[in-house]
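Engineer: File work37.cif follows (mmCIF, C-alpha atoms and all ligand atoms):
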data_final
#
loop_
_atom_site.label_atom_id
_atom_site.label_comp_id
_atom_site.auth_asym_id
_atom_site.auth_seq_id
_atom_site.Cartn_x
_atom_site.Cartn_y
_atom_site.Cartn_z
CA MET A 204 20.32 15.99 8.08
CA ASN A 205 16.78 17.02 7.20
CA PRO A 206 14.73 16.49 10.39
CA VAL A 207 11.72 15.31 8.36
CA ILE A 208 13.58 12.23 7.28
CA MET A 209 15.11 11.36 10.65
CA PRO A 210 14.67 7.63 11.29
CA PRO A 211 12.15 6.79 14.03
CA PRO A 212 13.68 5.07 17.09
CA ALA A 213 14.72 1.58 16.10
CA HIS A 214 13.34 0.07 19.28
CA ASP A 215 9.74 1.30 18.72
CA GLN A 216 9.81 0.17 15.16
CA ALA A 217 11.04 -3.31 15.97
CA THR A 218 8.66 -3.76 18.89
CA ARG A 219 5.57 -2.81 16.92
CA LEU A 220 6.55 -4.91 13.99
CA ARG A 221 7.30 -7.88 16.20
CA GLU A 222 3.85 -7.57 17.79
CA PHE A 223 2.30 -7.38 14.36
CA VAL A 224 4.09 -10.46 13.12
CA LEU A 225 3.55 -12.52 16.25
CA GLU A 226 -0.18 -11.94 15.98
CA LYS A 227 -0.14 -13.90 12.77
CA LYS A 228 2.16 -16.69 13.84
CA ASP A 229 0.11 -19.86 13.95
CA SER A 230 0.37 -23.11 12.06
CA VAL A 231 2.99 -21.87 9.65
CA SER A 232 5.29 -24.57 8.42
CA ARG A 233 8.72 -23.18 7.64
CA SER A 234 10.22 -26.60 7.26
CA LYS A 235 9.85 -26.77 3.48
CA ILE A 236 12.25 -23.95 2.76
CA THR A 237 15.14 -22.43 4.60
CA GLY A 238 15.31 -18.67 4.82
CA MET A 239 13.17 -16.29 2.82
CA ARG A 240 12.67 -17.13 -0.85
CA SER A 241 12.40 -14.02 -3.05
CA VAL A 242 10.56 -14.37 -6.35
CA SER A 243 10.15 -11.59 -8.93
CA ILE A 244 7.51 -11.78 -11.64
CA LEU A 245 8.66 -10.26 -14.95
CA SER A 246 7.35 -9.94 -18.47
CA GLY A 247 8.29 -8.39 -21.77
CA LYS A 248 4.86 -7.07 -22.60
CA GLY A 249 2.25 -5.52 -20.29
CA GLY A 250 -1.13 -7.15 -19.76
CA VAL A 251 0.15 -10.74 -19.79
CA GLY A 252 -1.18 -11.39 -16.27
CA LYS A 253 1.72 -10.63 -13.90
CA SER A 254 -0.40 -8.98 -11.22
CA ASN A 255 -3.02 -11.72 -11.30
CA LEU A 256 -0.29 -14.32 -11.11
CA ALA A 257 1.34 -12.51 -8.19
CA VAL A 258 -1.93 -12.30 -6.28
CA ASN A 259 -3.13 -15.86 -6.86
CA LEU A 260 0.30 -17.40 -6.43
CA ALA A 261 0.63 -15.52 -3.14
CA LEU A 262 -2.71 -16.94 -2.00
CA ALA A 263 -1.74 -20.46 -3.12
CA LEU A 264 1.56 -20.24 -1.22
CA ALA A 265 -0.18 -18.93 1.89
CA ASP A 266 -2.65 -21.80 1.57
CA GLN A 267 0.29 -24.22 1.59
CA GLY A 268 1.33 -22.83 4.97
CA MET A 269 3.85 -20.24 3.83
CA LYS A 270 4.03 -16.78 5.28
CA VAL A 271 3.92 -14.57 2.21
CA MET A 272 4.72 -10.92 1.57
CA LEU A 273 3.55 -9.48 -1.71
CA LEU A 274 5.49 -6.38 -2.70
CA ASP A 275 3.80 -4.21 -5.28
CA ALA A 276 6.95 -3.24 -7.11
CA ASP A 277 5.32 -2.07 -10.34
CA LEU A 278 6.50 1.51 -10.21
CA GLY A 279 4.30 2.59 -13.11
CA LEU A 280 1.00 0.75 -12.70
CA ALA A 281 0.83 -0.51 -9.13
CA ASN A 282 -2.53 -2.28 -8.88
CA ILE A 283 -2.29 -5.13 -6.39
CA ASP A 284 -4.51 -3.11 -4.08
CA ILE A 285 -7.22 -2.88 -6.74
CA LEU A 286 -7.15 -6.63 -7.33
CA PHE A 287 -7.73 -7.17 -3.62
CA GLY A 288 -10.29 -4.38 -3.37
CA VAL A 289 -8.31 -2.62 -0.64
CA VAL A 290 -7.18 0.98 -0.41
CA PRO A 291 -3.82 1.35 1.32
CA LYS A 292 -3.20 4.97 2.30
CA PHE A 293 0.54 4.73 2.71
CA ASN A 294 3.48 3.12 0.97
CA LEU A 295 7.19 2.58 1.37
CA GLY A 296 7.78 6.21 0.44
CA HIS A 297 6.12 7.30 3.69
CA VAL A 298 8.43 5.00 5.67
CA LEU A 299 11.41 6.28 3.78
CA ARG A 300 10.52 9.87 4.62
CA GLY A 301 10.04 8.98 8.29
CA GLU A 302 6.32 9.83 8.15
CA LYS A 303 5.13 6.30 8.90
CA GLU A 304 6.51 3.18 10.44
CA LEU A 305 6.85 0.00 8.46
CA SER A 306 4.11 -1.67 10.49
CA ASP A 307 1.73 1.17 9.49
CA ILE A 308 1.98 0.49 5.79
CA LEU A 309 1.71 -3.31 5.77
CA PHE A 310 -1.69 -4.49 4.64
CA GLN A 311 -2.84 -7.88 5.79
CA VAL A 312 -5.18 -9.45 3.27
CA GLY A 313 -5.26 -13.06 4.33
CA GLU A 314 -4.29 -15.24 7.23
CA ARG A 315 -0.68 -15.48 6.12
CA LEU A 316 -0.56 -12.92 3.36
CA THR A 317 0.56 -9.31 3.66
CA ILE A 318 0.87 -6.67 0.97
CA ILE A 319 3.65 -4.10 1.02
CA PRO A 320 2.58 -1.15 -1.12
CA GLY A 321 5.80 -0.07 -2.79
CA GLY A 322 4.65 3.16 -4.42
CA ALA A 323 7.23 5.79 -5.10
CA GLY A 324 9.23 4.50 -2.14
CA LEU A 325 10.99 1.86 -4.20
CA ARG A 326 12.21 4.41 -6.71
CA GLU A 327 13.30 6.72 -3.90
CA LEU A 328 15.23 3.88 -2.30
CA ALA A 329 17.61 3.93 -5.22
CA ASP A 330 18.27 7.65 -4.87
CA ILE A 331 18.79 8.25 -1.17
CA ASP A 332 22.20 8.49 0.47
CA ASP A 333 23.99 5.39 1.70
CA GLN A 334 23.34 6.03 5.37
CA ARG A 335 19.64 6.48 4.81
CA GLN A 336 19.49 3.45 2.57
CA ALA A 337 21.27 1.34 5.15
CA TRP A 338 18.72 2.48 7.75
CA MET A 339 15.81 1.58 5.50
CA ILE A 340 17.26 -1.81 4.57
CA ASP A 341 17.78 -2.44 8.25
CA ARG A 342 14.10 -1.74 8.98
CA LEU A 343 12.97 -4.00 6.17
CA SER A 344 15.43 -6.73 7.07
CA PHE A 345 13.29 -7.56 10.05
CA LEU A 346 10.66 -8.85 7.64
CA GLU A 347 13.07 -11.29 6.05
CA ASN A 348 13.18 -13.31 9.25
CA GLU A 349 9.42 -13.51 9.44
CA THR A 350 8.63 -14.28 5.81
CA ASP A 351 8.85 -17.52 3.86
CA VAL A 352 8.22 -16.16 0.40
CA LEU A 353 8.49 -12.59 -0.86
CA LEU A 354 6.75 -12.12 -4.21
CA LEU A 355 7.48 -9.02 -6.27
CA ASP A 356 5.04 -7.86 -8.93
CA THR A 357 7.11 -5.72 -11.30
CA SER A 358 6.58 -3.52 -14.37
CA ALA A 359 6.67 -4.90 -17.92
CA GLY A 360 10.01 -4.68 -19.71
CA LEU A 361 13.48 -4.58 -18.24
CA HIS A 362 13.67 -1.12 -16.72
CA LYS A 363 16.73 -0.71 -14.47
CA ASN A 364 14.60 -1.20 -11.36
CA VAL A 365 13.15 -4.44 -12.68
CA LEU A 366 16.65 -5.60 -13.50
CA ALA A 367 17.70 -4.85 -9.93
CA PHE A 368 14.71 -6.80 -8.54
CA ALA A 369 15.40 -9.75 -10.83
CA THR A 370 19.11 -9.85 -10.10
CA ALA A 371 18.55 -9.67 -6.36
CA SER A 372 15.81 -12.33 -6.30
CA ASP A 373 16.35 -16.01 -5.73
CA LEU A 374 14.10 -16.70 -8.69
CA SER A 375 12.52 -14.65 -11.47
CA ILE A 376 9.40 -15.91 -13.18
CA LEU A 377 9.26 -14.70 -16.76
CA LEU A 378 5.61 -14.66 -17.80
CA THR A 379 4.36 -14.77 -21.37
CA THR A 380 1.16 -15.59 -23.21
CA PRO A 381 0.89 -17.52 -26.49
CA GLU A 382 0.57 -14.24 -28.46
CA PRO A 383 3.44 -13.75 -30.91
CA THR A 384 4.09 -10.24 -29.56
CA ALA A 385 4.33 -11.53 -25.99
CA ILE A 386 6.60 -14.37 -27.12
CA ARG A 387 8.95 -11.99 -28.92
CA ASP A 388 9.03 -9.51 -26.01
CA SER A 389 9.66 -12.20 -23.43
CA TYR A 390 12.57 -13.50 -25.46
CA SER A 391 13.97 -9.95 -25.59
CA VAL A 392 13.70 -9.61 -21.82
CA LEU A 393 15.35 -12.97 -21.31
CA LYS A 394 18.16 -11.96 -23.63
CA SER A 395 18.75 -8.61 -21.90
CA LEU A 396 18.53 -10.20 -18.49
CA TRP A 397 20.99 -12.90 -19.45
CA GLN A 398 23.44 -10.57 -21.11
CA SER A 399 23.38 -7.85 -18.48
CA THR A 400 23.95 -10.29 -15.64
CA GLY A 401 26.44 -12.47 -17.47
CA GLY A 402 24.08 -15.39 -16.86
CA ASN A 403 24.20 -14.92 -13.08
CA VAL A 404 20.43 -14.97 -12.66
CA SER A 405 17.82 -17.64 -11.89
CA VAL A 406 14.91 -17.43 -14.22
CA GLY A 407 12.11 -19.80 -15.15
CA LEU A 408 9.35 -19.47 -17.74
CA VAL A 409 5.59 -19.60 -17.15
CA VAL A 410 3.01 -19.44 -19.95
CA ASN A 411 -0.28 -17.73 -19.08
CA MET A 412 -3.64 -17.74 -20.86
CA ALA A 413 -2.88 -21.01 -22.66
CA SER A 414 -5.84 -22.90 -24.08
CA ASP A 415 -4.30 -26.17 -22.91
CA ALA A 416 -1.04 -27.64 -21.61
CA ASN A 417 0.12 -28.58 -25.12
CA GLU A 418 -0.14 -25.05 -26.41
CA ALA A 419 1.77 -23.79 -23.37
CA GLU A 420 4.54 -26.36 -23.92
CA MET A 421 4.86 -25.36 -27.56
CA VAL A 422 5.18 -21.69 -26.61
CA ALA A 423 7.74 -22.50 -23.94
CA ASP A 424 9.68 -24.65 -26.36
CA ARG A 425 9.92 -21.83 -28.93
CA ILE A 426 11.31 -19.39 -26.39
CA LEU A 427 13.57 -21.78 -24.55
CA SER A 428 15.03 -23.46 -27.63
CA ALA A 429 15.92 -20.04 -29.03
CA ALA A 430 17.44 -19.06 -25.68
CA ASN A 431 19.46 -22.23 -25.65
CA GLN A 432 20.61 -21.89 -29.25
CA PHE A 433 21.42 -18.17 -29.32
CA LEU A 434 22.21 -17.31 -25.70
CA GLY A 435 23.51 -20.66 -24.54
CA CYS A 436 21.25 -20.66 -21.49
CA GLU A 437 19.23 -23.48 -19.99
CA VAL A 438 16.07 -21.91 -18.63
CA PRO A 439 13.55 -24.23 -16.95
CA TYR A 440 9.87 -24.25 -17.94
CA LEU A 441 7.97 -23.94 -14.68
CA GLY A 442 4.43 -24.53 -15.97
CA CYS A 443 1.35 -22.82 -17.29
CA ILE A 444 -1.80 -21.03 -16.20
CA LEU A 445 -4.78 -21.84 -18.40
CA TRP A 446 -7.03 -19.18 -19.89
CA ASP A 447 -9.88 -18.74 -17.44
CA ALA A 448 -12.85 -16.39 -17.75
CA ALA A 449 -13.18 -16.55 -13.96
CA ILE A 450 -9.94 -14.55 -13.64
CA ARG A 451 -11.49 -11.71 -15.63
CA ASP A 452 -14.60 -11.84 -13.43
CA SER A 453 -12.47 -11.82 -10.30
CA VAL A 454 -10.74 -8.63 -11.47
CA ARG A 455 -14.08 -6.97 -12.08
CA ARG A 456 -15.33 -8.06 -8.67
CA ARG A 457 -12.03 -7.02 -7.06
CA LYS A 458 -11.79 -10.36 -5.30
CA PRO A 459 -8.90 -12.64 -6.30
CA LEU A 460 -9.90 -15.97 -7.79
CA LEU A 461 -8.26 -18.03 -5.05
CA LEU A 462 -10.15 -16.09 -2.40
CA ALA A 463 -13.48 -16.78 -4.07
CA GLY A 464 -13.24 -20.50 -3.29
CA LEU A 465 -14.13 -21.50 -6.88
CA ASN A 466 -12.51 -24.42 -8.64
CA THR A 467 -12.18 -23.20 -12.20
CA VAL A 468 -9.55 -24.41 -14.70
CA SER A 469 -6.73 -22.10 -13.60
CA VAL A 470 -6.97 -22.84 -9.88
CA PRO A 471 -4.92 -26.10 -9.97
CA CYS A 472 -2.34 -24.30 -12.15
CA PHE A 473 -1.65 -21.70 -9.44
CA LYS A 474 -1.40 -24.45 -6.84
CA LEU A 475 1.02 -26.49 -8.94
CA LEU A 476 3.21 -23.47 -9.55
CA ALA A 477 3.22 -22.65 -5.84
CA GLY A 478 4.48 -26.18 -5.15
CA LYS A 479 7.17 -25.72 -7.79
CA ILE A 480 8.43 -22.57 -6.11
CA LEU A 481 8.80 -24.42 -2.86
CA GLU A 482 10.89 -27.17 -4.40
CA PRO A 483 14.54 -27.34 -3.44
CA ARG A 484 16.41 -24.46 -5.04
CA GLN A 485 18.42 -26.34 -7.64
CA GLU A 486 15.38 -27.97 -9.24
CA ALA A 487 13.25 -24.87 -9.59
CA GLU A 488 15.98 -22.40 -10.25
CA GLY A 489 18.23 -24.06 -12.76
CA ALA A 490 21.93 -23.45 -12.61
CA ALA A 491 23.42 -22.58 -9.24
CA ARG A 492 24.22 -18.94 -8.81
CA ASN A 493 26.86 -17.14 -6.94
CA ILE A 494 24.67 -14.86 -4.82
CA GLY A 495 26.17 -15.81 -1.47
CA GLU A 496 24.43 -15.62 1.86
CA GLU A 497 23.60 -11.94 1.72
CA SER A 498 19.97 -11.02 2.36
CA PHE A 499 17.65 -10.17 -0.51
CA LEU A 500 17.39 -6.56 0.63
CA ARG A 501 21.13 -6.08 0.77
CA ARG A 502 21.47 -7.56 -2.69
CA LEU A 503 18.68 -5.26 -3.89
CA SER A 504 20.33 -2.24 -2.37
CA SER A 505 23.69 -2.98 -4.01
CA GLN A 506 22.00 -3.73 -7.34
CA MET A 507 20.13 -0.43 -7.21
CA ALA A 508 23.31 1.46 -6.41
CA LYS A 509 25.11 -0.33 -9.26
CA ARG A 510 22.39 0.42 -11.81
CA GLY A 511 22.11 4.12 -10.86
CA ASP A 512 20.01 6.46 -13.00
N1 LIG B 601 -5.18 -16.94 -17.13
C1 LIG B 601 -5.94 -15.90 -17.52
N2 LIG B 601 -7.10 -16.11 -18.22
C2 LIG B 601 -7.87 -15.10 -18.63
N3 LIG B 601 -7.59 -13.81 -18.39
C3 LIG B 601 -6.47 -13.52 -17.69
C4 LIG B 601 -5.59 -14.54 -17.22
N4 LIG B 601 -4.55 -13.95 -16.57
C5 LIG B 601 -4.78 -12.62 -16.60
N5 LIG B 601 -5.93 -12.36 -17.29
C6 LIG B 601 -6.49 -11.02 -17.58
O1 LIG B 601 -5.52 -10.27 -18.30
C7 LIG B 601 -5.59 -8.91 -17.94
C8 LIG B 601 -4.20 -8.39 -17.56
O2 LIG B 601 -3.77 -9.01 -16.36
P1 LIG B 601 -2.75 -8.31 -15.36
O3 LIG B 601 -2.50 -9.30 -14.27
O4 LIG B 601 -3.22 -6.96 -14.94
O5 LIG B 601 -1.48 -8.17 -16.30
P2 LIG B 601 -0.08 -7.42 -16.05
O6 LIG B 601 0.09 -7.26 -14.57
O7 LIG B 601 0.94 -8.30 -16.66
O8 LIG B 601 -0.19 -6.11 -16.76
C9 LIG B 601 -6.61 -8.79 -16.83
O9 LIG B 601 -7.82 -8.32 -17.39
C10 LIG B 601 -6.80 -10.21 -16.34
O10 LIG B 601 -8.09 -10.44 -15.92
MG MG B 602 0.41 -5.56 -13.38
#
Just give me the structure of the file as structure tokens.

Structural biologist:
Amino acid sequence: MNPVIMPPPAHDQATRLREFVLEKKDSVSRSKITGMRSVSILSGKGGVGKSNLAVNLALALADQGMKVMLLDADLGLANIDILFGVVPKFNLGHVLRGEKELSDILFQVGERLTIIPGGAGLRELADIDDQRQAWMIDRLSFLENETDVLLLDTSAGLHKNVLAFATASDLSILLTTPEPTAIRDSYSVLKSLWQSTGGNVSVGLVVNMASDANEAEMVADRILSAANQFLGCEVPYLGCILWDAAIRDSVRRRKPLLLAGLNTVSVPCFKLLAGKILEPRQEAEGAARNIGEESFLRRLSSQMAKRGD
């Protein structure tokens, strides 16, 4: 085996990570959900607001007492760090190559919110040998016990990696805007997702940049009626995020809206959606799925192996 990629001693890794996590353990209420809830954010088209949703939803969940990990899993345009105005030096790739420990790459950005910069590491995870992958999954598994909600910000479209994230997640949020192009592309993603998983996926729709709740409902109805008619699937509408100039300002200022303490029109939308995600599984996630008791990371690993290159 290449000595550069030898795993660091498991004991050191676990001890440091445990110290890191215990530091943050305070008033967290884990009673609302059992086990870690994994939620991927998907879209057909780019620029519909996935990263801003990921960031503000993560903050809203943390505000509701959840311990949240935000995994920047957009392999093309990772930009969660920019939205938070932080500059992480390392990512999962460094852990994978044995150059850094997991605790070195985690970036704490709020009391209960930690970013995991995915970087090239997530792509590499799909390509490494089984033994190495098992080692990596083992390292990451530790986080599953210490996290209430894992949010994944993914790339637009249904690239094989995004499909693996969606299939492994407890819930996928499909995000669209009222634009006809976004509507068409989100329907295409829903169709591919549904057909490639044989319907064994939990997905819900969110409409972003709506001028009001009625417009959002009309958009959702167009997509979901078509999905019901042509694909035979019942996808729940999870809610909307209203168009809000303050989101644009927050991006320019590199300080997420929900950190700024403002109360603009979209703020209650993020909070409502956070509450929806914490609802009992059946309500928020539609039809029950056969994903068993396996951990998210093990499901992800087997999905990545299945999808190959
Ligand atoms: N609800 C909203 N109201 C107004 N602008 C928004 C809203 N959501 C996102 N935006 C803006 O849309 C742009 C794209 O958002 P981003 O989160 O980067 O999209 P994606 O991750 O899907 O590519 C950003 O300039 C952001 O400020
Ligand atoms: Mg993005």

Engineer: Taking into account only C-alpha atoms, which residue in the set A:Leu260, A:Ser372, A:Leu286, A:Asp424 is nearest to Arg451 (chain A)?

Structural biologist: A:Leu286

Engineer: Between atom P1 of ligand LIG 601 (chain B) and CA of Ser504 (chain A), what is the distance in Å, rounded to a tenth?

Structural biologist: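 CA of Ser504 (chain A) lies 27.2 Å from atom P1 of ligand LIG 601 (chain B).
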
Engineer: Name each residue within 7 Å of ligand LIG 601 (chain B), counting all atoms listed in the file, as a ChimeraX atom specification.

Structural biologist: /A:246,249-256,359,411-412,444-448,450-451,454,469

Engineer: Go ahead and compute the interatomic distance for CA of Val410 (chain A) and CA of Asp373 (chain A), in Å to one decimal.

Structural biologist: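 Between these atoms lies a distance of 19.8 Å.
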
Engineer: So the first atom is CA of Leu393 (chain A) and the second is CA of Val422 (chain A); what is the distance between them in Å, to one decimal place?

Structural biologist: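 Value for the CA of Leu393 (chain A)-CA of Val422 (chain A) distance: 14.4 Å.
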
Engineer: Determine the nearest neighbour of ligand MG 602 (chain B) from the options A:Leu316, A:Leu280, A:Leu396, A:Val470, counting only C-alpha atoms and all ligand atoms.

Structural biologist: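 When distances to ligand MG 602 (chain B) are compared using only C-alpha atoms and all ligand atoms, the smallest one comes from A:Leu280.
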
Engineer: Mind checking which residues fall within 7 Å of Phe287 (chain A), counting all atoms listed in the file, ignoring those fewer than 4 positions away in the same chain, and posting them as a list in words?

Structural biologist: Ile283, Arg457, Lys458 and Pro459 of chain A

Engineer: Have a look at A:Ala265, A:Met339, A:Leu378, A:Val312 and name the one nearest to ligand MG 602 (chain B); count only C-alpha atoms and all ligand atoms.

Structural biologist: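 So, comparing all the options, the nearest one is A:Leu378.
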
Engineer: Which one is closest to ligand MG 602 (chain B): A:Glu302, A:Gly322, A:Leu295, A:Thr357? Count only C-alpha atoms and all ligand atoms.

Structural biologist: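 Distance minimum relative to ligand MG 602 (chain B) lands on A:Thr357.
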
Engineer: When you count all atoms listed in the file, which of these residues is closest to Ser414 (chain A): A:Leu309, A:Val468, A:Ala449, A:Val438?

Structural biologist: A:Val468

Engineer: Measuring between only C-alpha atoms and all ligand atoms, which one of A:Ala463, A:Ile386, A:Leu374, A:Ile285 shows the shortest distance to ligand MG 602 (chain B)?

Structural biologist: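 Closest to ligand MG 602 (chain B), using only C-alpha atoms and all ligand atoms: A:Ile285.
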